[in-house]
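Participant: What follows is work.cif; its format and atoms are mmCIF, C-alpha atoms.
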```cif
data_run
loop_
_atom_site.label_atom_id
_atom_site.label_comp_id
_atom_site.auth_asym_id
_atom_site.auth_seq_id
_atom_site.Cartn_x
_atom_site.Cartn_y
_atom_site.Cartn_z
CA MET O 12 0.00 0.00 0.00
CA VAL O 13 1.18 3.50 -0.73
CA VAL O 14 2.59 5.41 2.17
CA LYS O 15 1.66 9.05 2.20
CA ILE O 16 2.78 12.12 4.08
CA ARG O 17 -0.39 14.07 4.71
CA LEU O 18 -2.19 16.27 7.18
CA ALA O 19 -4.67 15.00 9.74
CA ARG O 20 -7.15 17.61 10.87
CA PHE O 21 -7.61 18.05 14.59
CA GLY O 22 -8.72 21.03 16.60
CA ARG O 23 -12.25 22.32 16.70
CA THR O 24 -14.86 23.92 14.52
CA ASN O 25 -13.30 27.02 13.01
CA SER O 26 -9.98 26.40 14.71
CA PRO O 27 -8.18 23.71 12.79
CA PHE O 28 -4.88 22.23 13.81
CA TYR O 29 -3.07 19.66 11.76
CA ASN O 30 -0.75 16.80 12.56
CA ILE O 31 1.69 16.13 9.75
CA VAL O 32 1.55 12.35 9.60
CA VAL O 33 2.97 9.40 7.72
CA ALA O 34 0.15 6.95 7.02
CA HIS O 35 -1.04 4.34 4.59
CA ALA O 36 -2.96 5.99 1.79
CA ARG O 37 -6.20 4.08 2.29
CA THR O 38 -6.62 4.58 6.01
CA ALA O 39 -9.02 7.14 7.42
CA ARG O 40 -7.81 10.70 7.81
CA ASN O 41 -7.66 10.76 11.59
CA SER O 42 -6.84 7.11 12.27
CA ARG O 43 -3.67 6.26 14.09
CA PRO O 44 -0.84 6.91 11.64
CA LEU O 45 2.49 5.18 11.23
CA GLU O 46 4.13 8.22 12.69
CA VAL O 47 3.46 11.83 13.57
CA ILE O 48 6.32 13.85 12.12
CA GLY O 49 5.07 17.30 12.87
CA THR O 50 2.27 19.77 13.36
CA TYR O 51 0.94 22.67 11.34
CA ASP O 52 -1.07 25.47 12.90
CA PRO O 53 -2.82 27.19 9.99
CA ILE O 54 -4.17 30.07 12.03
CA PRO O 55 -1.95 33.11 11.49
CA LYS O 56 -0.70 34.74 14.66
CA LYS O 57 0.85 38.03 15.65
CA ASP O 58 3.92 38.38 17.80
CA THR O 59 3.03 39.59 21.27
CA TYR O 60 4.96 42.83 21.27
CA ASP O 61 5.26 43.36 17.55
CA GLU O 62 3.15 46.22 16.22
CA SER O 63 3.95 45.81 12.54
CA GLY O 64 0.94 43.54 12.20
CA ARG O 65 2.97 40.93 10.35
CA LEU O 66 1.45 37.48 10.77
CA HIS O 67 3.23 34.18 11.15
CA LYS O 68 2.31 30.52 11.14
CA ASP O 69 3.98 27.90 13.25
CA ILE O 70 5.12 24.57 11.90
CA LYS O 71 6.89 21.86 13.82
CA LEU O 72 8.61 19.26 11.72
CA ASP O 73 11.04 16.46 12.38
CA ILE O 74 13.19 17.16 9.35
CA THR O 75 15.30 14.00 9.64
CA ARG O 76 12.26 11.74 9.75
CA ALA O 77 10.61 13.62 6.90
CA LYS O 78 13.73 13.16 4.79
CA TYR O 79 13.81 9.47 5.68
CA TRP O 80 10.20 8.89 4.68
CA ILE O 81 10.67 10.76 1.39
CA GLY O 82 13.79 8.67 0.83
CA VAL O 83 11.90 5.40 1.15
CA GLY O 84 9.19 6.52 -1.24
CA ALA O 85 6.47 8.13 0.85
CA GLN O 86 4.36 10.42 -1.31
CA PRO O 87 3.54 13.81 0.15
CA THR O 88 0.14 15.25 -0.72
CA GLU O 89 -0.04 18.60 -2.38
CA THR O 90 -0.39 20.50 0.90
CA ALA O 91 2.34 18.45 2.53
CA THR O 92 4.58 19.13 -0.47
CA ARG O 93 4.04 22.82 0.03
CA LEU O 94 5.11 22.58 3.66
CA LEU O 95 8.03 20.21 3.05
CA SER O 96 9.35 22.30 0.17
CA MET O 97 9.81 25.22 2.55
CA VAL O 98 12.69 23.42 4.24
CA GLY O 99 13.96 22.01 0.98
CA ILE O 100 13.03 18.38 1.54
CA VAL O 101 11.12 18.15 -1.72
CA ASP O 102 11.02 20.37 -4.77
CA PRO O 103 8.11 22.79 -4.78
CA LYS O 104 5.34 21.75 -7.11
CA TYR O 105 4.49 25.24 -8.20
CA GLN O 106 7.15 27.83 -8.49
CA LYS O 107 6.44 31.45 -8.69
CA LYS O 108 7.25 32.69 -12.17
CA PRO O 109 7.76 36.30 -13.02
CA PRO O 110 4.61 37.62 -14.68
CA ARG O 111 4.73 37.49 -18.45
CA PRO O 112 4.54 40.75 -20.31
CA SER O 113 0.98 41.11 -21.54
CA THR O 114 1.95 42.06 -25.10
CA PRO O 115 5.17 40.28 -25.96
CA GLY O 116 7.34 41.87 -28.59
CA LYS O 117 5.76 45.27 -28.39
CA THR O 118 7.61 46.73 -25.43
CA LYS O 119 10.91 45.30 -24.37
CA THR O 120 11.88 45.87 -20.78
CA SER O 121 15.40 45.60 -19.47
CA ALA O 122 14.49 42.30 -17.78
CA ASP O 123 13.69 40.68 -21.12
CA ALA O 124 16.92 41.68 -22.72
CA MET Q 29 1.46 55.39 38.57
CA ILE Q 30 3.19 52.03 38.50
CA TRP Q 31 3.34 52.12 34.73
CA GLU Q 32 4.74 55.63 34.87
CA ALA Q 33 7.46 54.60 37.27
CA VAL Q 34 8.49 51.61 35.17
CA MET Q 35 8.07 52.84 31.62
CA LEU Q 36 8.69 56.58 31.89
CA ARG Q 37 11.09 56.87 34.79
CA GLY Q 38 12.73 53.53 33.99
CA MET Q 39 12.77 52.28 37.55
CA PRO Q 40 13.49 48.59 38.09
CA LEU Q 41 10.42 46.47 38.90
CA LYS Q 42 11.86 45.48 42.25
CA ALA Q 43 12.27 49.09 43.30
CA VAL Q 44 8.73 49.97 42.19
CA SER Q 45 7.44 46.99 44.09
CA ALA Q 46 9.26 48.13 47.21
CA GLN Q 47 8.15 51.73 46.88
CA TYR Q 48 4.45 51.05 46.48
CA GLN Q 49 4.37 47.83 48.52
CA VAL Q 50 2.90 45.90 45.61
CA ASP Q 51 3.98 42.39 44.70
CA MET Q 52 6.49 42.25 41.85
CA ARG Q 53 4.27 39.98 39.79
CA ARG Q 54 1.41 42.43 40.17
CA VAL Q 55 3.69 45.28 39.10
CA ALA Q 56 4.63 43.34 35.97
CA ALA Q 57 0.99 42.54 35.27
CA VAL Q 58 -0.02 46.19 35.66
CA VAL Q 59 2.67 47.27 33.21
CA ARG Q 60 1.63 44.63 30.68
CA LEU Q 61 -2.05 45.55 30.94
CA MET Q 62 -1.32 49.25 30.60
CA GLU Q 63 0.79 48.55 27.54
CA ILE Q 64 -2.11 46.67 25.99
CA GLU Q 65 -4.48 49.53 26.79
CA LYS Q 66 -2.11 52.09 25.30
CA ARG Q 67 -1.70 50.01 22.18
CA MET Q 68 -5.46 49.70 21.80
CA GLU Q 69 -5.71 53.47 22.14
CA ARG Q 70 -3.10 53.92 19.46
CA GLU Q 71 -4.92 51.55 17.15
CA ASN Q 72 -8.25 53.22 17.88
CA ALA Q 73 -9.64 49.86 18.96
CA PRO Q 74 -13.10 49.92 20.51
CA MET Q 75 -12.90 50.05 24.30
CA ALA Q 76 -15.40 48.45 26.62
CA LEU Q 77 -15.50 51.48 28.91
CA PRO Q 78 -18.92 50.89 30.52
CA TYR Q 79 -17.78 47.37 31.32
CA ALA Q 80 -14.53 48.66 32.81
CA ARG Q 81 -16.44 51.20 34.90
CA ALA Q 82 -18.84 48.55 36.17
CA ILE Q 83 -15.98 46.22 37.09
CA SER Q 84 -14.05 48.93 38.90
CA ARG Q 85 -17.17 49.63 40.95
CA LEU Q 86 -17.46 45.95 41.87
CA VAL Q 87 -13.89 45.15 42.86
CA PRO Q 88 -12.04 46.78 45.73
CA ARG Q 89 -9.61 49.46 44.70
CA ALA Q 90 -6.45 50.57 46.42
CA PHE Q 91 -5.05 54.07 46.20
CA LEU Q 92 -1.31 53.96 46.31
CA ASP Q 93 -0.66 57.66 46.62
CA ALA Q 94 -2.50 57.92 49.93
CA ASP Q 95 -0.07 57.08 52.70
CA GLU Q 96 -2.12 54.22 54.05
CA LYS Q 97 -1.19 50.74 55.11
CA PRO Q 98 0.92 48.73 52.64
CA PHE Q 99 -1.10 47.16 49.83
CA GLU Q 100 0.28 43.67 50.28
CA PRO Q 101 3.36 41.93 51.65
CA ILE Q 102 6.01 41.96 48.95
CA ASN Q 103 8.85 39.89 50.25
CA ASP Q 104 7.11 36.83 51.65
CA VAL Q 105 8.92 33.53 51.37
CA HIS Q 106 6.92 30.62 50.08
CA VAL Q 107 6.85 27.81 52.62
CA HIS Q 108 7.61 24.50 50.99
CA SER Q 109 5.65 21.60 52.48
CA PHE Q 110 8.89 19.68 52.95
CA THR Q 111 10.01 22.28 55.46
CA MET Q 112 6.88 21.89 57.60
CA GLN Q 113 8.05 18.66 59.18
CA GLN Q 114 10.04 18.33 62.36
CA LEU Q 115 13.51 16.99 61.77
CA PHE Q 116 16.18 15.81 64.17
CA VAL Q 117 19.53 16.34 62.56
CA PRO Q 118 22.57 15.54 64.65
CA VAL Q 119 25.16 18.24 64.15
CA SER Q 120 28.46 18.51 65.91
CA GLU Q 121 28.87 21.57 68.07
CA SER Q 122 32.01 22.60 66.26
CA ARG Q 123 30.07 23.05 63.07
CA LYS Q 124 28.23 26.17 62.11
CA PHE Q 125 24.69 25.15 61.16
CA THR Q 126 23.39 27.79 58.78
CA ARG Q 127 20.12 28.26 56.92
CA LYS Q 128 21.69 26.64 53.90
CA ASP Q 129 22.44 23.51 55.90
CA ALA Q 130 18.92 23.50 57.27
CA ALA Q 131 17.49 23.69 53.78
CA LYS Q 132 19.72 20.85 52.69
CA ALA Q 133 18.53 18.78 55.63
CA PHE Q 134 14.94 19.12 54.45
CA GLY Q 135 15.77 18.00 50.94
CA ASP Q 136 18.36 18.48 48.25
CA HIS Q 137 16.13 20.69 46.16
CA ILE Q 138 14.99 22.94 49.02
CA LEU Q 139 16.38 26.44 48.82
CA PRO Q 140 17.32 28.49 51.87
CA PRO Q 141 14.96 31.42 52.50
CA ASP Q 142 17.63 33.89 51.43
CA ASP Q 143 17.54 32.47 47.91
CA LYS Q 144 13.77 32.29 47.81
CA MET Q 145 13.16 35.93 48.53
CA ARG Q 146 11.80 37.99 45.69
CA ILE Q 147 13.74 41.10 46.60
CA PRO Q 148 16.84 40.11 48.56
CA GLU Q 149 18.27 43.57 47.87
CA LEU Q 150 15.65 44.97 50.23
CA VAL Q 151 17.11 42.96 53.09
CA ASP Q 152 20.60 44.09 52.18
CA MET Q 153 19.44 47.69 52.30
CA GLU Q 154 17.87 47.31 55.73
CA ARG Q 155 21.03 45.63 57.00
CA ALA Q 156 23.13 48.47 55.65
CA ILE Q 157 20.89 51.01 57.38
CA LEU Q 158 21.22 49.10 60.66
CA LYS Q 159 24.98 49.23 60.26
CA GLY Q 160 24.82 52.99 60.09
CA VAL Q 161 24.85 53.70 56.37
CA PRO Q 162 22.78 56.84 55.70
CA GLN Q 163 19.28 56.14 54.34
CA ALA Q 164 19.76 58.00 51.04
CA GLU Q 165 22.98 56.19 50.28
CA ALA Q 166 21.46 52.80 51.10
CA GLU Q 167 18.50 53.53 48.86
CA ALA Q 168 20.79 54.55 46.04
CA THR Q 169 22.71 51.28 46.27
CA PHE Q 170 19.39 49.42 46.43
CA LEU Q 171 18.29 51.06 43.20
CA LYS Q 172 21.60 50.30 41.55
CA LYS Q 173 21.62 46.68 42.68
CA THR Q 174 18.04 45.99 41.63
CA ALA Q 175 18.64 47.57 38.24
CA GLN Q 176 21.72 45.43 37.85
CA SER Q 177 19.98 42.20 38.78
CA GLU Q 178 17.10 42.99 36.45
CA ARG Q 179 19.43 43.77 33.58
CA ARG Q 180 21.14 40.44 34.17
CA PHE Q 181 17.81 38.62 34.19
CA ALA Q 182 16.60 40.40 31.06
CA GLY Q 183 19.86 39.57 29.34
CA SER Q 184 19.57 35.88 30.12
CA GLN Q 185 15.94 35.84 28.97
CA LYS Q 186 16.90 37.55 25.75
CA TYR Q 187 19.68 35.04 25.20
CA ILE Q 188 17.31 32.11 25.73
CA ALA Q 189 14.76 33.61 23.35
CA ALA Q 190 17.45 34.22 20.74
CA GLN Q 191 18.66 30.64 21.09
CA LYS Q 192 15.12 29.35 20.60
CA ASP Q 193 14.63 31.65 17.66
CA ALA Q 194 17.83 30.46 16.03
CA MET Q 195 16.51 26.89 16.12
CA LYS Q 196 13.64 27.88 13.84
CA SER Q 197 14.00 28.32 10.13
CA LYS Q 198 11.86 31.08 8.74
CA VAL Q 199 10.32 31.18 5.31
CA ASP Q 200 8.86 34.48 4.23
CA THR Q 201 6.00 34.34 1.81
CA GLU Q 202 3.96 37.22 0.58
CA ARG Q 203 1.26 36.88 3.18
CA PHE Q 204 2.78 35.07 6.13
CA GLU Q 205 6.04 34.12 7.67
CA PHE Q 206 6.28 30.40 8.24
CA ARG Q 207 8.33 29.45 11.27
CA ILE Q 208 9.51 25.90 11.07
CA GLU Q 209 10.87 24.32 14.20
CA ASP Q 210 12.80 21.08 14.05
CA PHE Q 211 12.16 18.53 16.76
CA ASN Q 212 12.70 14.88 17.52
CA SER Q 213 9.51 12.99 16.72
CA GLU Q 214 10.81 9.79 18.26
CA ALA Q 215 10.65 11.13 21.81
CA VAL Q 216 7.02 10.22 22.21
CA GLY Q 217 7.33 7.58 24.90
CA LYS Q 218 6.57 3.89 24.87
CA LYS Q 219 3.02 4.14 23.61
CA GLY Q 220 3.55 7.22 21.50
CA ARG Q 221 1.39 9.27 23.83
CA ALA Q 222 3.88 11.05 26.05
CA ARG Q 223 2.51 14.25 27.57
CA ASN Q 224 5.13 16.48 25.99
CA ALA Q 225 5.06 14.77 22.61
CA VAL Q 226 4.21 16.96 19.67
CA GLY Q 227 0.80 17.05 18.02
CA TRP Q 228 -2.69 15.96 18.90
CA ARG Q 229 -2.89 12.65 20.77
CA TYR Q 230 -4.61 9.66 19.27
CA GLY Q 231 -7.12 7.96 21.52
CA ALA Q 232 -6.60 10.46 24.32
CA PRO Q 233 -9.36 12.88 25.25
CA PHE Q 234 -8.57 16.56 25.10
CA ASN Q 235 -10.08 17.90 28.28
CA ASP Q 236 -10.35 21.54 27.33
CA ARG Q 237 -14.10 21.58 27.89
CA GLN Q 238 -14.30 19.36 30.93
CA ARG Q 239 -15.71 20.86 34.08
CA GLY Q 240 -13.68 21.34 37.19
CA LEU Q 241 -10.32 21.66 35.48
CA TYR Q 242 -8.23 24.81 35.60
CA LYS Q 243 -7.96 26.37 32.19
CA ILE Q 244 -6.43 29.64 33.31
CA PRO Q 245 -2.99 29.97 31.77
CA THR Q 246 -0.26 29.82 34.40
CA SER Q 247 2.45 31.51 32.39
CA VAL Q 248 2.73 34.57 30.22
CA GLY Q 249 4.09 34.10 26.73
#
```
Mind turning this structure into structure tokens?
Facilitator:
Amino acid sequence: MVVKIRLARFGRTNSPFYNIVVAHARTARNSRPLEVIGTYDPIPKKDTYDESGRLHKDIKLDITRAKYWIGVGAQPTETATRLLSMVGIVDPKYQKKPPRPSTPGKTKTSADA
Amino acid sequence: MIWEAVMLRGMPLKAVSAQYQVDMRRVAAVVRLMEIEKRMERENAPMALPYARAISRLVPRAFLDADEKPFEPINDVHVHSFTMQQLFVPVSESRKFTRKDAAKAFGDHILPPDDKMRIPELVDMERAILKGVPQAEAEATFLKKTAQSERRFAGSQKYIAAQKDAMKSKVDTERFEFRIEDFNSEAVGKKGRARNAVGWRYGAPFNDRQRGLYKIPTSVG
């Protein structure tokens, strides 16, 4: 059976909290996984004494275990890929490309040259 | 008044506590609350003023500027239950049996009262005054010492925070900053349900809505 790295939703109504888990693909979302390798708190938070209003999200991840599971063929889901790619464990699925010029050929910017 | 002394005049918390006879923890709490209020004012956040007025009518209020009795004891030593028992410790007469030795006799982790005091500098000041040091001079040294000890404490706290921060890798995206903390996922105990293990437990109830359990946070983050 395929082993997946995926998120398991815990928390409450309107306040989700995810365990980043390694589990067999066909088991239920919140069933006991092979291993919990981290957590992901999707609710953005402010720093206590920071007034810039910049928000952050907290992730806990056992990087060594994540690397191991990727190494033995565990398949991260799209969301898990997004999280794992932040620490460089897997390649990001979507990379931000610079926006294409709307009318190519007409105006050449210095970036195109 | 407390906030003014700490934030505007830059007095150390211990000195403010001693001056107004208010517990150090309460001083810190007052400063934190005032900071929150000031921030809300700056942000033009809606204030629940009628609520605040009603509450201040309900709870007893103390006026610190009136020279009345002290608000609360500030330098009380917490009595550990281990020290409540009667002990018979044979000690040779040639040996000096100090408070430190007494604490040790009660248990290895018991601290002598001198180390448990919140403001030991206050005792030093009183001792100095008894020895004949003029009051003003003793107070000046008290201020200096408390400021010093607080600076040391703040420094160590800052260092710890910096160390913790350095353990996290930060990824800035357009909207949020992701803070990724590495940890050891194998330290979860025999059954994988250790109390300090990371993540939600499987098969363990989360008692956040159970009655009769304290849910008041015991530390300030």
Participant: Give the residues of chain O that lie within 12 Å of chain Q; count only C-alpha atoms, and format the answer as a PyMOL selection string.
Facilitator: chain O and resi 18-23+27-33+40-77+93-99+107
Participant: Could you pull the residues within 12 Å of Phe110 (chain Q), counting only C-alpha atoms, minus those fewer than 6 positions along the same chain, as a ChimeraX atom specification?
Facilitator: /Q:130-139
Participant: Could you jot down the CA of Arg180 (chain Q) to CA of Ile244 (chain Q) separation for me, Å, one decimal place?
Facilitator: 29.6 Å
Participant: Got a sec: who's within 9 Å of Arg127 (chain Q), counting all atoms listed in the file, leaving out chain neighbours fewer than 6 positions off, as a count of residues only?
Facilitator: 3
Participant: Using Å and a single decimal, report how far CA of Phe170 (chain Q) sits from CA of Met153 (chain Q).
Facilitator: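 Atom-to-atom, CA of Met153 (chain Q) and CA of Phe170 (chain Q) are spaced 6.1 Å apart.
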Participant: Which residue out of Q:Thr174, Q:Ser109, Q:Gln238, Q:Gln185 has the minimum interatomic distance to Ile147 (chain Q) when all atoms listed in the file are used?
Facilitator: Q:Thr174
Participant: Using only C-alpha atoms, which of Q:Asp236, Q:Asp152, Q:Asp193, Q:Glu178 sits nearest Leu41 (chain Q)?
Facilitator: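 For Leu41 (chain Q), the nearest of the given residues is Q:Glu178.
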Participant: Measure the distance from CA of Arg81 (chain Q) to CA of Arg60 (chain Q) in Å and round it to one decimal.
Facilitator: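 It comes out at 19.7 Å.
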Participant: Please expand the PyMOL selection byres ((chain Q and resi 46) around 10) into the concrete residues it hits in this file, giving the result as a PyMOL selection string.
Facilitator: chain Q and resi 41-45+47-52+98+101-103+147+150
Participant: Can you give me, as a list in words, the residues this file yields under the PyMOL selection byres ((chain O and resi 105) around 10)?
Facilitator: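 Checked against the file, the PyMOL selection byres ((chain O and resi 105) around 10) matches Glu89, Thr92, Arg93, Asp102, Pro103, Lys104, Gln106, Lys107 and Lys108 of chain O.
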Participant: Go ahead and save the residues from that selection, with C-alpha atoms, as a CSV table (one decimal), keeping the file's coordinate frame.
Facilitator:
```
chain,number,residue,atom,x,y,z
O,89,GLU,CA,0.0,18.6,-2.4
O,92,THR,CA,4.6,19.1,-0.5
O,93,ARG,CA,4.0,22.8,0.0
O,102,ASP,CA,11.0,20.4,-4.8
O,103,PRO,CA,8.1,22.8,-4.8
O,104,LYS,CA,5.3,21.8,-7.1
O,106,GLN,CA,7.2,27.8,-8.5
O,107,LYS,CA,6.4,31.4,-8.7
O,108,LYS,CA,7.2,32.7,-12.2
```
